[in-house]
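S.K.: Got a structure for you, start_12.cif, holding mmCIF, C-alpha atoms; chains and numbers go by the auth columns.
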```cif
data_my_file
#
loop_
_atom_site.group_PDB
_atom_site.id
_atom_site.type_symbol
_atom_site.label_atom_id
_atom_site.label_comp_id
_atom_site.label_asym_id
_atom_site.label_seq_id
_atom_site.Cartn_x
_atom_site.Cartn_y
_atom_site.Cartn_z
_atom_site.B_iso_or_equiv
_atom_site.auth_seq_id
_atom_site.auth_asym_id
ATOM 1 C CA MET A 1 0.000 0.000 0.000 0.00 1 A
ATOM 2 C CA ASP A 2 1.006 3.613 -0.121 0.00 2 A
ATOM 3 C CA MET A 3 1.963 5.412 3.091 0.00 3 A
ATOM 4 C CA SER A 4 -1.487 6.813 3.816 0.00 4 A
ATOM 5 C CA LYS A 5 -2.171 6.853 7.558 0.00 5 A
ATOM 6 C CA SER A 6 -5.814 5.913 6.973 0.00 6 A
ATOM 7 C CA TYR A 7 -4.801 2.776 5.025 0.00 7 A
ATOM 8 C CA ILE A 8 -2.308 1.805 7.718 0.00 8 A
ATOM 9 C CA SER A 9 -4.753 2.251 10.604 0.00 9 A
ATOM 10 C CA ALA A 10 -7.533 0.383 8.761 0.00 10 A
ATOM 11 C CA ALA A 11 -5.205 -2.525 7.945 0.00 11 A
ATOM 12 C CA GLN A 12 -3.915 -2.700 11.515 0.00 12 A
ATOM 13 C CA GLU A 13 -7.439 -2.559 12.947 0.00 13 A
ATOM 14 C CA PHE A 14 -9.098 -5.136 10.700 0.00 14 A
ATOM 15 C CA LEU A 15 -6.100 -7.314 9.812 0.00 15 A
ATOM 16 C CA PRO A 16 -3.806 -7.072 12.840 0.00 16 A
ATOM 17 C CA ASP A 17 -1.688 -10.130 11.989 0.00 17 A
ATOM 18 C CA ILE A 18 -0.625 -9.164 8.471 0.00 18 A
ATOM 19 C CA ASP A 19 2.582 -7.499 7.350 0.00 19 A
ATOM 20 C CA ILE A 20 2.140 -4.132 5.721 0.00 20 A
ATOM 21 C CA VAL A 21 4.390 -3.594 2.713 0.00 21 A
ATOM 22 C CA PHE A 22 4.879 -0.067 1.419 0.00 22 A
ATOM 23 C CA ASP A 23 5.032 0.050 -2.316 0.00 23 A
ATOM 24 C CA ARG A 24 8.372 1.089 -3.772 0.00 24 A
ATOM 25 C CA PHE A 25 6.651 3.162 -6.464 0.00 25 A
ATOM 26 C CA HIS A 26 5.120 5.446 -3.832 0.00 26 A
ATOM 27 C CA ILE A 27 8.407 5.784 -1.976 0.00 27 A
ATOM 28 C CA MET A 28 10.268 6.728 -5.149 0.00 28 A
ATOM 29 C CA GLN A 29 7.415 9.065 -6.092 0.00 29 A
ATOM 30 C CA MET A 30 7.859 10.840 -2.741 0.00 30 A
ATOM 31 C CA MET A 31 11.610 11.095 -3.424 0.00 31 A
ATOM 32 C CA ASN A 32 11.009 12.493 -6.924 0.00 32 A
ATOM 33 C CA LYS A 33 8.597 15.109 -5.541 0.00 33 A
ATOM 34 C CA ALA A 34 11.270 16.160 -3.037 0.00 34 A
ATOM 35 C CA LEU A 35 13.827 16.417 -5.855 0.00 35 A
ATOM 36 C CA ASP A 36 11.428 18.551 -7.898 0.00 36 A
ATOM 37 C CA THR A 37 10.810 20.811 -4.884 0.00 37 A
ATOM 38 C CA ILE A 38 14.562 21.280 -4.493 0.00 38 A
ATOM 39 C CA ARG A 39 14.829 22.082 -8.221 0.00 39 A
ATOM 40 C CA LYS A 40 12.191 24.801 -7.856 0.00 40 A
ATOM 41 C CA GLN A 41 13.851 26.223 -4.737 0.00 41 A
ATOM 42 C CA GLU A 42 17.260 26.306 -6.378 0.00 42 A
ATOM 43 C CA CYS A 43 15.895 27.836 -9.575 0.00 43 A
ATOM 44 C CA SER A 44 14.578 30.813 -7.619 0.00 44 A
ATOM 45 C CA LEU A 45 18.076 31.446 -6.220 0.00 45 A
ATOM 46 C CA LEU A 46 20.004 31.337 -9.500 0.00 46 A
ATOM 47 C CA ASN A 47 21.049 34.238 -11.707 0.00 47 A
ATOM 48 C CA LYS A 48 19.591 34.575 -15.230 0.00 48 A
ATOM 49 C CA GLU A 49 22.508 32.812 -16.905 0.00 49 A
ATOM 50 C CA ASP A 50 22.349 29.739 -14.645 0.00 50 A
ATOM 51 C CA LYS A 51 18.531 29.651 -14.800 0.00 51 A
ATOM 52 C CA LYS A 52 18.833 29.009 -18.549 0.00 52 A
ATOM 53 C CA VAL A 53 20.782 25.815 -17.804 0.00 53 A
ATOM 54 C CA LEU A 54 18.146 24.670 -15.307 0.00 54 A
ATOM 55 C CA LYS A 55 15.108 25.617 -17.395 0.00 55 A
ATOM 56 C CA GLY A 56 13.275 22.653 -18.933 0.00 56 A
ATOM 57 C CA GLN A 57 15.368 20.030 -17.119 0.00 57 A
ATOM 58 C CA ARG A 58 12.710 18.712 -14.714 0.00 58 A
ATOM 59 C CA PHE A 59 12.256 15.342 -16.403 0.00 59 A
ATOM 60 C CA LEU A 60 15.963 14.934 -16.912 0.00 60 A
ATOM 61 C CA LEU A 61 16.440 15.077 -13.133 0.00 61 A
ATOM 62 C CA LEU A 62 13.619 12.608 -12.514 0.00 62 A
ATOM 63 C CA LYS A 63 14.874 10.101 -15.082 0.00 63 A
ATOM 64 C CA ASN A 64 16.801 7.090 -13.807 0.00 64 A
ATOM 65 C CA TYR A 65 20.524 7.655 -14.283 0.00 65 A
ATOM 66 C CA SER A 66 20.903 4.272 -15.979 0.00 66 A
ATOM 67 C CA ASP A 67 18.348 5.310 -18.628 0.00 67 A
ATOM 68 C CA LEU A 68 20.117 8.517 -19.684 0.00 68 A
ATOM 69 C CA SER A 69 21.396 8.959 -23.226 0.00 69 A
ATOM 70 C CA GLU A 70 24.785 10.518 -23.943 0.00 70 A
ATOM 71 C CA ASP A 71 23.130 13.896 -24.605 0.00 71 A
ATOM 72 C CA ASP A 72 21.159 13.579 -21.359 0.00 72 A
ATOM 73 C CA ASN A 73 24.414 12.956 -19.469 0.00 73 A
ATOM 74 C CA ILE A 74 25.963 16.107 -20.960 0.00 74 A
ATOM 75 C CA SER A 75 22.890 18.174 -20.032 0.00 75 A
ATOM 76 C CA LEU A 76 22.809 16.711 -16.532 0.00 76 A
ATOM 77 C CA ASN A 77 26.502 17.469 -15.954 0.00 77 A
ATOM 78 C CA ALA A 78 25.947 21.059 -17.131 0.00 78 A
ATOM 79 C CA LEU A 79 23.064 21.324 -14.698 0.00 79 A
ATOM 80 C CA PHE A 80 25.143 19.986 -11.821 0.00 80 A
ATOM 81 C CA SER A 81 27.997 22.363 -12.631 0.00 81 A
ATOM 82 C CA VAL A 82 25.748 25.332 -11.788 0.00 82 A
ATOM 83 C CA ASN A 83 24.104 23.790 -8.719 0.00 83 A
ATOM 84 C CA ILE A 84 25.747 21.495 -6.149 0.00 84 A
ATOM 85 C CA ARG A 85 22.558 20.991 -4.111 0.00 85 A
ATOM 86 C CA LEU A 86 20.787 19.511 -7.131 0.00 86 A
ATOM 87 C CA PHE A 87 23.756 17.222 -7.693 0.00 87 A
ATOM 88 C CA GLN A 88 23.563 16.053 -4.062 0.00 88 A
ATOM 89 C CA ALA A 89 19.799 15.538 -4.219 0.00 89 A
ATOM 90 C CA HIS A 90 20.016 13.625 -7.501 0.00 90 A
ATOM 91 C CA ALA A 91 22.826 11.437 -6.175 0.00 91 A
ATOM 92 C CA ILE A 92 20.852 10.544 -3.056 0.00 92 A
ATOM 93 C CA LYS A 93 17.787 9.742 -5.196 0.00 93 A
ATOM 94 C CA GLU A 94 19.871 7.349 -7.273 0.00 94 A
ATOM 95 C CA GLN A 95 21.234 5.768 -4.096 0.00 95 A
ATOM 96 C CA LEU A 96 17.676 5.165 -2.872 0.00 96 A
ATOM 97 C CA ARG A 97 16.945 3.352 -6.144 0.00 97 A
ATOM 98 C CA LEU A 98 19.773 0.938 -5.271 0.00 98 A
ATOM 99 C CA PHE A 99 17.979 0.072 -2.020 0.00 99 A
ATOM 100 C CA TRP A 100 15.436 -2.027 -3.942 0.00 100 A
ATOM 101 C CA THR A 101 18.179 -4.179 -5.474 0.00 101 A
ATOM 102 C CA LYS A 102 19.384 -5.544 -2.154 0.00 102 A
ATOM 103 C CA PRO A 103 18.886 -9.321 -1.991 0.00 103 A
ATOM 104 C CA LYS A 104 18.019 -9.655 1.716 0.00 104 A
ATOM 105 C CA ALA A 105 16.218 -7.707 4.434 0.00 105 A
ATOM 106 C CA ASN A 106 19.297 -7.411 6.709 0.00 106 A
ATOM 107 C CA GLY A 107 21.446 -5.816 4.029 0.00 107 A
ATOM 108 C CA ALA A 108 18.551 -3.601 2.951 0.00 108 A
ATOM 109 C CA ALA A 109 17.973 -2.442 6.548 0.00 109 A
ATOM 110 C CA LYS A 110 21.645 -1.468 6.954 0.00 110 A
ATOM 111 C CA PHE A 111 21.586 0.302 3.599 0.00 111 A
ATOM 112 C CA LEU A 112 18.423 2.227 4.489 0.00 112 A
ATOM 113 C CA PHE A 113 19.818 3.320 7.874 0.00 113 A
ATOM 114 C CA LYS A 114 22.903 4.702 6.108 0.00 114 A
ATOM 115 C CA TRP A 115 20.760 6.349 3.429 0.00 115 A
ATOM 116 C CA ILE A 116 18.578 8.072 6.034 0.00 116 A
ATOM 117 C CA ASP A 117 21.676 9.321 7.848 0.00 117 A
ATOM 118 C CA SER A 118 23.215 10.611 4.593 0.00 118 A
ATOM 119 C CA ALA A 119 20.008 12.385 3.572 0.00 119 A
ATOM 120 C CA LYS A 120 19.724 14.107 6.959 0.00 120 A
ATOM 121 C CA ARG A 121 23.377 15.198 6.894 0.00 121 A
ATOM 122 C CA LEU A 122 22.813 17.089 3.648 0.00 122 A
ATOM 123 C CA LYS A 123 20.444 19.393 5.579 0.00 123 A
ATOM 124 C CA ILE A 124 18.274 19.973 2.510 0.00 124 A
ATOM 125 C CA GLU A 125 14.775 20.290 3.957 0.00 125 A
ATOM 126 C CA PRO A 126 12.778 18.204 1.392 0.00 126 A
ATOM 127 C CA LEU A 127 15.351 15.388 1.698 0.00 127 A
ATOM 128 C CA VAL A 128 15.205 15.535 5.481 0.00 128 A
ATOM 129 C CA LYS A 129 11.407 15.157 5.264 0.00 129 A
ATOM 130 C CA VAL A 130 11.764 12.070 3.063 0.00 130 A
ATOM 131 C CA ALA A 131 14.391 10.628 5.414 0.00 131 A
ATOM 132 C CA ASN A 132 12.153 11.214 8.449 0.00 132 A
ATOM 133 C CA CYS A 133 9.201 9.586 6.690 0.00 133 A
ATOM 134 C CA LEU A 134 11.288 6.530 5.775 0.00 134 A
ATOM 135 C CA GLU A 135 12.656 6.343 9.298 0.00 135 A
ATOM 136 C CA ASN A 136 9.150 6.518 10.798 0.00 136 A
ATOM 137 C CA ASN A 137 7.921 3.758 8.467 0.00 137 A
ATOM 138 C CA PHE A 138 11.095 1.681 8.474 0.00 138 A
ATOM 139 C CA TYR A 139 9.507 -1.670 9.379 0.00 139 A
ATOM 140 C CA HIS A 140 6.842 -1.486 6.655 0.00 140 A
ATOM 141 C CA ILE A 141 9.441 -0.554 4.045 0.00 141 A
ATOM 142 C CA ILE A 142 11.720 -3.450 4.984 0.00 142 A
ATOM 143 C CA SER A 143 8.689 -5.791 4.745 0.00 143 A
ATOM 144 C CA TYR A 144 9.169 -5.587 0.994 0.00 144 A
ATOM 145 C CA PHE A 145 12.224 -7.847 1.288 0.00 145 A
ATOM 146 C CA ARG A 146 10.250 -10.522 3.134 0.00 146 A
ATOM 147 C CA HIS A 147 7.405 -10.595 0.593 0.00 147 A
ATOM 148 C CA LYS A 148 8.829 -9.080 -2.658 0.00 148 A
ATOM 149 C CA ILE A 149 5.436 -7.700 -3.697 0.00 149 A
ATOM 150 C CA THR A 150 4.298 -4.401 -5.134 0.00 150 A
ATOM 151 C CA ASN A 151 0.900 -3.032 -6.006 0.00 151 A
ATOM 152 C CA GLY A 152 2.025 -2.160 -9.527 0.00 152 A
ATOM 153 C CA LYS A 153 -0.680 -4.304 -11.155 0.00 153 A
ATOM 154 C CA ALA A 154 -3.402 -2.699 -9.030 0.00 154 A
ATOM 155 C CA GLU A 155 -2.038 0.759 -9.877 0.00 155 A
ATOM 156 C CA GLY A 156 -2.027 -0.170 -13.566 0.00 156 A
ATOM 157 C CA LEU A 157 -5.628 -1.386 -13.369 0.00 157 A
ATOM 158 C CA ASN A 158 -6.671 1.806 -11.573 0.00 158 A
ATOM 159 C CA ASN A 159 -5.009 3.808 -14.326 0.00 159 A
ATOM 160 C CA LYS A 160 -6.899 1.842 -17.002 0.00 160 A
ATOM 161 C CA ILE A 161 -10.203 2.487 -15.189 0.00 161 A
ATOM 162 C CA LYS A 162 -9.463 6.219 -14.948 0.00 162 A
ATOM 163 C CA THR A 163 -8.571 6.290 -18.648 0.00 163 A
ATOM 164 C CA LEU A 164 -11.792 4.476 -19.556 0.00 164 A
ATOM 165 C CA LYS A 165 -13.837 7.013 -17.570 0.00 165 A
ATOM 166 C CA ARG A 166 -11.950 9.929 -19.123 0.00 166 A
ATOM 167 C CA GLN A 167 -12.369 8.612 -22.676 0.00 167 A
ATOM 168 C CA ALA A 168 -16.118 8.233 -22.168 0.00 168 A
ATOM 169 C CA TYR A 169 -16.408 11.640 -20.470 0.00 169 A
ATOM 170 C CA GLY A 170 -18.070 9.797 -17.579 0.00 170 A
ATOM 171 C CA PHE A 171 -20.820 7.182 -17.474 0.00 171 A
ATOM 172 C CA ARG A 172 -24.430 7.884 -16.573 0.00 172 A
ATOM 173 C CA ASP A 173 -25.392 4.208 -16.591 0.00 173 A
ATOM 174 C CA MET A 174 -23.437 2.366 -13.865 0.00 174 A
ATOM 175 C CA GLU A 175 -24.487 -1.071 -15.178 0.00 175 A
ATOM 176 C CA TYR A 176 -22.945 -0.258 -18.555 0.00 176 A
ATOM 177 C CA PHE A 177 -19.813 1.034 -16.809 0.00 177 A
ATOM 178 C CA LYS A 178 -19.536 -2.273 -14.911 0.00 178 A
ATOM 179 C CA LEU A 179 -19.851 -4.207 -18.188 0.00 179 A
ATOM 180 C CA ARG A 180 -17.094 -2.087 -19.710 0.00 180 A
ATOM 181 C CA LEU A 181 -14.892 -2.784 -16.663 0.00 181 A
ATOM 182 C CA TYR A 182 -15.410 -6.554 -17.016 0.00 182 A
ATOM 183 C CA HIS A 183 -14.027 -6.343 -20.552 0.00 183 A
ATOM 184 C CA LEU A 184 -11.292 -3.815 -19.788 0.00 184 A
ATOM 185 C CA HIS A 185 -8.549 -6.468 -19.775 0.00 185 A
ATOM 186 C CA MET A 186 -9.392 -7.381 -23.386 0.00 186 A
ATOM 187 C CA GLN A 187 -8.990 -3.824 -24.712 0.00 187 A
ATOM 188 C CA LYS A 188 -5.770 -2.734 -26.313 0.00 188 A
ATOM 189 C CA SER A 189 -4.522 0.830 -26.073 0.00 189 A
ATOM 190 C CA ARG A 190 -4.206 2.651 -29.390 0.00 190 A
ATOM 191 C CA LEU A 191 -2.816 6.001 -30.397 0.00 191 A
ATOM 192 C CA CYS A 192 -5.049 8.170 -32.528 0.00 192 A
ATOM 193 C CA GLY A 193 -3.869 9.585 -35.839 0.00 193 A
#
```
Can you give me the file's structure in the form of structure tokens?

M.R.:
Amino acid sequence: MDMSKSYISAAQEFLPDIDIVFDRFHIMQMMNKALDTIRKQECSLLNKEDKKVLKGQRFLLLKNYSDLSEDDNISLNALFSVNIRLFQAHAIKEQLRLFWTKPKANGAAKFLFKWIDSAKRLKIEPLVKVANCLENNFYHIISYFRHKITNGKAEGLNNKIKTLKRQAYGFRDMEYFKLRLYHLHMQKSRLCG
């Protein structure tokens, strides 16, 4: 599940003996939002010349480092040359991505403790918030390594349902909407044009 307090309390109340596993997508989403907040903060502090380097680079910062092209690497290095805090924030984001590759819970727990400490030492407020959140939910995050599950399929299905509703501009007949949902898995996505 995501880190919603209402989900956690409901699960603990009605299913007290289950392990809660926080989804890695939501954790990385929280990290990416923090990185984007830092980008906005830093942009407001730069002079006009350096702002030109930073302008339009949001998605470049959020992209996984391993997925960058050669041109992306050049742009990213230019961006980091004008702003050290963005370099630090991006580096710590990439380190958090490595957390999910750990083979066992013990190694992952040690890694996460070190990551939290590193993020707090940078004293960049959005990163400190992420570190505090991960520290407060440590047990549920480490549960991932015991169960190796995500809610990616559920998130994908939710996205398909939202897309179906959007494409139809809403449904007035709920029975028809239910029928469409039953056959949603058989539909293929197509691009128009």

S.K.: Which of these residues is nearest to Met1 of chain A, using only C-alpha atoms: A:His140, A:Arg166, A:Lys104, A:His183?

M.R.: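 Ranked by minimum distance to Met1 of chain A, first place goes to A:His140.
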
S.K.: Which residues fall under the PyMOL selection byres ((chain A and resi 139) around 10) in this file, as a ChimeraX atom specification?

M.R.: /A:19-22,109,134-138,140-144

S.K.: Between A:Asn64, A:Ser44, A:Asp173, A:Ser118, which is the closest to Leu98 of chain A once you count all atoms listed in the file?

M.R.: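 That would be A:Asn64, the residue with the smallest distance to Leu98 of chain A.
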
S.K.: Could you check which of A:Leu15, A:Ala91, A:Val130, A:Leu62 is closest to Met30 of chain A, using all atoms listed in the file?

M.R.: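 Closest candidate: A:Val130.
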
S.K.: In terms of the shortest atom-to-atom distance over all atoms listed in the file, which of A:Ser4, A:Asn77, A:Ser9, A:Asn132 is closest to Leu60 of chain A?

M.R.: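 Closest to Leu60 of chain A of all the choices is A:Asn77.
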
S.K.: For Phe25 of chain A, please output as a list in words all residues within 10 Å (counting all atoms listed in the file; exclusion window: fewer than 2 positions along the same chain).

M.R.: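 Surrounding residues, per the criterion: Met1, Asp2, Phe22, Asp23, Ile27, Met28, Gln29, Met30, Met31, Thr150, Asn151, Gly152 and Glu155 of chain A.
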
S.K.: Give me, please, the distance in Å between atom CA of Lys5 of chain A and atom CA of Asn106 of chain A, quoted to one decimal.

M.R.: 25.8 Å

S.K.: Can you pull out the residues contacting Leu112 of chain A? Cut-off 8 Å, using all atoms listed in the file, and skip same-chain residues under 3 positions away; I want them as a PyMOL selection string.

M.R.: chain A and resi 96+99+108-109+115-116

S.K.: Within 10 Å of (18.7, 15.7, -19.3) (coordinates as in the file), grab all the protein and nucleic acid residues, counting all atoms listed in the file, and write them out as a VMD selection string.

M.R.: chain A and resid 54 56 to 63 65 68 to 79

S.K.: Using C-alpha atoms, can you write the selected residues to a file as a CSV table (one decimal), in the frame of the given file?

M.R.:
```csv
chain,number,residue,atom,x,y,z
A,54,LEU,CA,18.1,24.7,-15.3
A,56,GLY,CA,13.3,22.7,-18.9
A,57,GLN,CA,15.4,20.0,-17.1
A,58,ARG,CA,12.7,18.7,-14.7
A,59,PHE,CA,12.3,15.3,-16.4
A,60,LEU,CA,16.0,14.9,-16.9
A,61,LEU,CA,16.4,15.1,-13.1
A,62,LEU,CA,13.6,12.6,-12.5
A,63,LYS,CA,14.9,10.1,-15.1
A,65,TYR,CA,20.5,7.7,-14.3
A,68,LEU,CA,20.1,8.5,-19.7
A,69,SER,CA,21.4,9.0,-23.2
A,70,GLU,CA,24.8,10.5,-23.9
A,71,ASP,CA,23.1,13.9,-24.6
A,72,ASP,CA,21.2,13.6,-21.4
A,73,ASN,CA,24.4,13.0,-19.5
A,74,ILE,CA,26.0,16.1,-21.0
A,75,SER,CA,22.9,18.2,-20.0
A,76,LEU,CA,22.8,16.7,-16.5
A,77,ASN,CA,26.5,17.5,-16.0
A,78,ALA,CA,25.9,21.1,-17.1
A,79,LEU,CA,23.1,21.3,-14.7
```

S.K.: Could you tell me how far atom CA of Ile161 of chain A lies from atom CA of Leu184 of chain A, in Å and to one decimal?

M.R.: 7.9 Å

S.K.: A:Glu175, A:Asp117, A:Asp67, A:Glu42: which is nearest Lys55 of chain A, counting all atoms listed in the file?

M.R.: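 Comparing A:Glu175, A:Asp117, A:Asp67, A:Glu42 against Lys55 of chain A, the winner is A:Glu42.
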
S.K.: Compare A:Ala89, A:Ala168, A:Leu157, A:Gln12 by their minimum atom-to-atom distance to Arg121 of chain A, counting all atoms listed in the file, and give me the closest one.

M.R.: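 Ranking A:Ala89, A:Ala168, A:Leu157, A:Gln12 by distance to Arg121 of chain A, first place goes to A:Ala89.
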
S.K.: Quick one: segment 49-77 of chain A with N, CA and C atoms, as a PDB file, in the frame of the given file?

M.R.:
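Done, and the output landed in selection19.pdb:
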```
ATOM      1  N   GLU A  49      21.663  33.693 -16.084  1.00  0.00           N
ATOM      2  CA  GLU A  49      22.508  32.812 -16.905  1.00  0.00           C
ATOM      3  C   GLU A  49      22.363  31.349 -16.477  1.00  0.00           C
ATOM      4  N   ASP A  50      22.449  31.107 -15.158  1.00  0.00           N
ATOM      5  CA  ASP A  50      22.349  29.739 -14.645  1.00  0.00           C
ATOM      6  C   ASP A  50      20.924  29.192 -14.737  1.00  0.00           C
ATOM      7  N   LYS A  51      19.923  30.089 -14.661  1.00  0.00           N
ATOM      8  CA  LYS A  51      18.531  29.651 -14.800  1.00  0.00           C
ATOM      9  C   LYS A  51      18.289  29.040 -16.177  1.00  0.00           C
ATOM     10  N   LYS A  52      18.988  29.546 -17.197  1.00  0.00           N
ATOM     11  CA  LYS A  52      18.833  29.009 -18.549  1.00  0.00           C
ATOM     12  C   LYS A  52      19.267  27.546 -18.609  1.00  0.00           C
ATOM     13  N   VAL A  53      20.294  27.199 -17.840  1.00  0.00           N
ATOM     14  CA  VAL A  53      20.782  25.815 -17.804  1.00  0.00           C
ATOM     15  C   VAL A  53      19.744  24.926 -17.124  1.00  0.00           C
ATOM     16  N   LEU A  54      19.108  25.447 -16.092  1.00  0.00           N
ATOM     17  CA  LEU A  54      18.146  24.670 -15.307  1.00  0.00           C
ATOM     18  C   LEU A  54      16.778  24.571 -15.972  1.00  0.00           C
ATOM     19  N   LYS A  55      16.436  25.552 -16.785  1.00  0.00           N
ATOM     20  CA  LYS A  55      15.108  25.617 -17.395  1.00  0.00           C
ATOM     21  C   LYS A  55      14.852  24.403 -18.291  1.00  0.00           C
ATOM     22  N   GLY A  56      13.687  23.781 -18.104  1.00  0.00           N
ATOM     23  CA  GLY A  56      13.275  22.653 -18.933  1.00  0.00           C
ATOM     24  C   GLY A  56      13.956  21.333 -18.598  1.00  0.00           C
ATOM     25  N   GLN A  57      14.613  21.239 -17.456  1.00  0.00           N
ATOM     26  CA  GLN A  57      15.368  20.030 -17.119  1.00  0.00           C
ATOM     27  C   GLN A  57      14.684  19.164 -16.057  1.00  0.00           C
ATOM     28  N   ARG A  58      13.422  19.447 -15.766  1.00  0.00           N
ATOM     29  CA  ARG A  58      12.710  18.712 -14.714  1.00  0.00           C
ATOM     30  C   ARG A  58      12.750  17.202 -14.949  1.00  0.00           C
ATOM     31  N   PHE A  59      12.354  16.778 -16.138  1.00  0.00           N
ATOM     32  CA  PHE A  59      12.256  15.342 -16.403  1.00  0.00           C
ATOM     33  C   PHE A  59      13.619  14.682 -16.518  1.00  0.00           C
ATOM     34  N   LEU A  60      14.607  15.456 -16.873  1.00  0.00           N
ATOM     35  CA  LEU A  60      15.963  14.934 -16.912  1.00  0.00           C
ATOM     36  C   LEU A  60      16.410  14.543 -15.507  1.00  0.00           C
ATOM     37  N   LEU A  61      16.092  15.375 -14.520  1.00  0.00           N
ATOM     38  CA  LEU A  61      16.440  15.077 -13.133  1.00  0.00           C
ATOM     39  C   LEU A  61      15.687  13.864 -12.600  1.00  0.00           C
ATOM     40  N   LEU A  62      14.450  13.691 -13.034  1.00  0.00           N
ATOM     41  CA  LEU A  62      13.619  12.608 -12.514  1.00  0.00           C
ATOM     42  C   LEU A  62      13.897  11.269 -13.197  1.00  0.00           C
ATOM     43  N   LYS A  63      14.538  11.317 -14.342  1.00  0.00           N
ATOM     44  CA  LYS A  63      14.874  10.101 -15.082  1.00  0.00           C
ATOM     45  C   LYS A  63      15.890   9.281 -14.301  1.00  0.00           C
ATOM     46  N   ASN A  64      15.799   7.959 -14.425  1.00  0.00           N
ATOM     47  CA  ASN A  64      16.801   7.090 -13.807  1.00  0.00           C
ATOM     48  C   ASN A  64      18.143   7.307 -14.505  1.00  0.00           C
ATOM     49  N   TYR A  65      19.195   7.380 -13.728  1.00  0.00           N
ATOM     50  CA  TYR A  65      20.524   7.655 -14.283  1.00  0.00           C
ATOM     51  C   TYR A  65      20.922   6.601 -15.309  1.00  0.00           C
ATOM     52  N   SER A  66      20.534   5.359 -15.062  1.00  0.00           N
ATOM     53  CA  SER A  66      20.903   4.272 -15.979  1.00  0.00           C
ATOM     54  C   SER A  66      20.186   4.376 -17.325  1.00  0.00           C
ATOM     55  N   ASP A  67      19.114   5.165 -17.388  1.00  0.00           N
ATOM     56  CA  ASP A  67      18.348   5.310 -18.628  1.00  0.00           C
ATOM     57  C   ASP A  67      18.729   6.545 -19.443  1.00  0.00           C
ATOM     58  N   LEU A  68      19.741   7.276 -18.999  1.00  0.00           N
ATOM     59  CA  LEU A  68      20.117   8.517 -19.684  1.00  0.00           C
ATOM     60  C   LEU A  68      20.899   8.239 -20.967  1.00  0.00           C
ATOM     61  N   SER A  69      20.612   9.033 -21.988  1.00  0.00           N
ATOM     62  CA  SER A  69      21.396   8.959 -23.226  1.00  0.00           C
ATOM     63  C   SER A  69      22.680   9.775 -23.032  1.00  0.00           C
ATOM     64  N   GLU A  70      23.537   9.750 -24.029  1.00  0.00           N
ATOM     65  CA  GLU A  70      24.785  10.518 -23.943  1.00  0.00           C
ATOM     66  C   GLU A  70      24.489  12.021 -23.855  1.00  0.00           C
ATOM     67  N   ASP A  71      23.525  12.476 -24.652  1.00  0.00           N
ATOM     68  CA  ASP A  71      23.130  13.896 -24.605  1.00  0.00           C
ATOM     69  C   ASP A  71      22.537  14.266 -23.248  1.00  0.00           C
ATOM     70  N   ASP A  72      21.730  13.342 -22.688  1.00  0.00           N
ATOM     71  CA  ASP A  72      21.159  13.579 -21.359  1.00  0.00           C
ATOM     72  C   ASP A  72      22.261  13.724 -20.316  1.00  0.00           C
ATOM     73  N   ASN A  73      23.285  12.888 -20.418  1.00  0.00           N
ATOM     74  CA  ASN A  73      24.414  12.956 -19.469  1.00  0.00           C
ATOM     75  C   ASN A  73      25.117  14.304 -19.552  1.00  0.00           C
ATOM     76  N   ILE A  74      25.306  14.806 -20.767  1.00  0.00           N
ATOM     77  CA  ILE A  74      25.963  16.107 -20.960  1.00  0.00           C
ATOM     78  C   ILE A  74      25.116  17.216 -20.343  1.00  0.00           C
ATOM     79  N   SER A  75      23.799  17.170 -20.600  1.00  0.00           N
ATOM     80  CA  SER A  75      22.890  18.174 -20.032  1.00  0.00           C
ATOM     81  C   SER A  75      22.867  18.107 -18.514  1.00  0.00           C
ATOM     82  N   LEU A  76      22.846  16.886 -17.982  1.00  0.00           N
ATOM     83  CA  LEU A  76      22.809  16.711 -16.532  1.00  0.00           C
ATOM     84  C   LEU A  76      24.093  17.233 -15.889  1.00  0.00           C
ATOM     85  N   ASN A  77      25.235  16.966 -16.487  1.00  0.00           N
ATOM     86  CA  ASN A  77      26.502  17.469 -15.954  1.00  0.00           C
ATOM     87  C   ASN A  77      26.564  18.991 -15.999  1.00  0.00           C
TER      88      ASN A  77
END
```
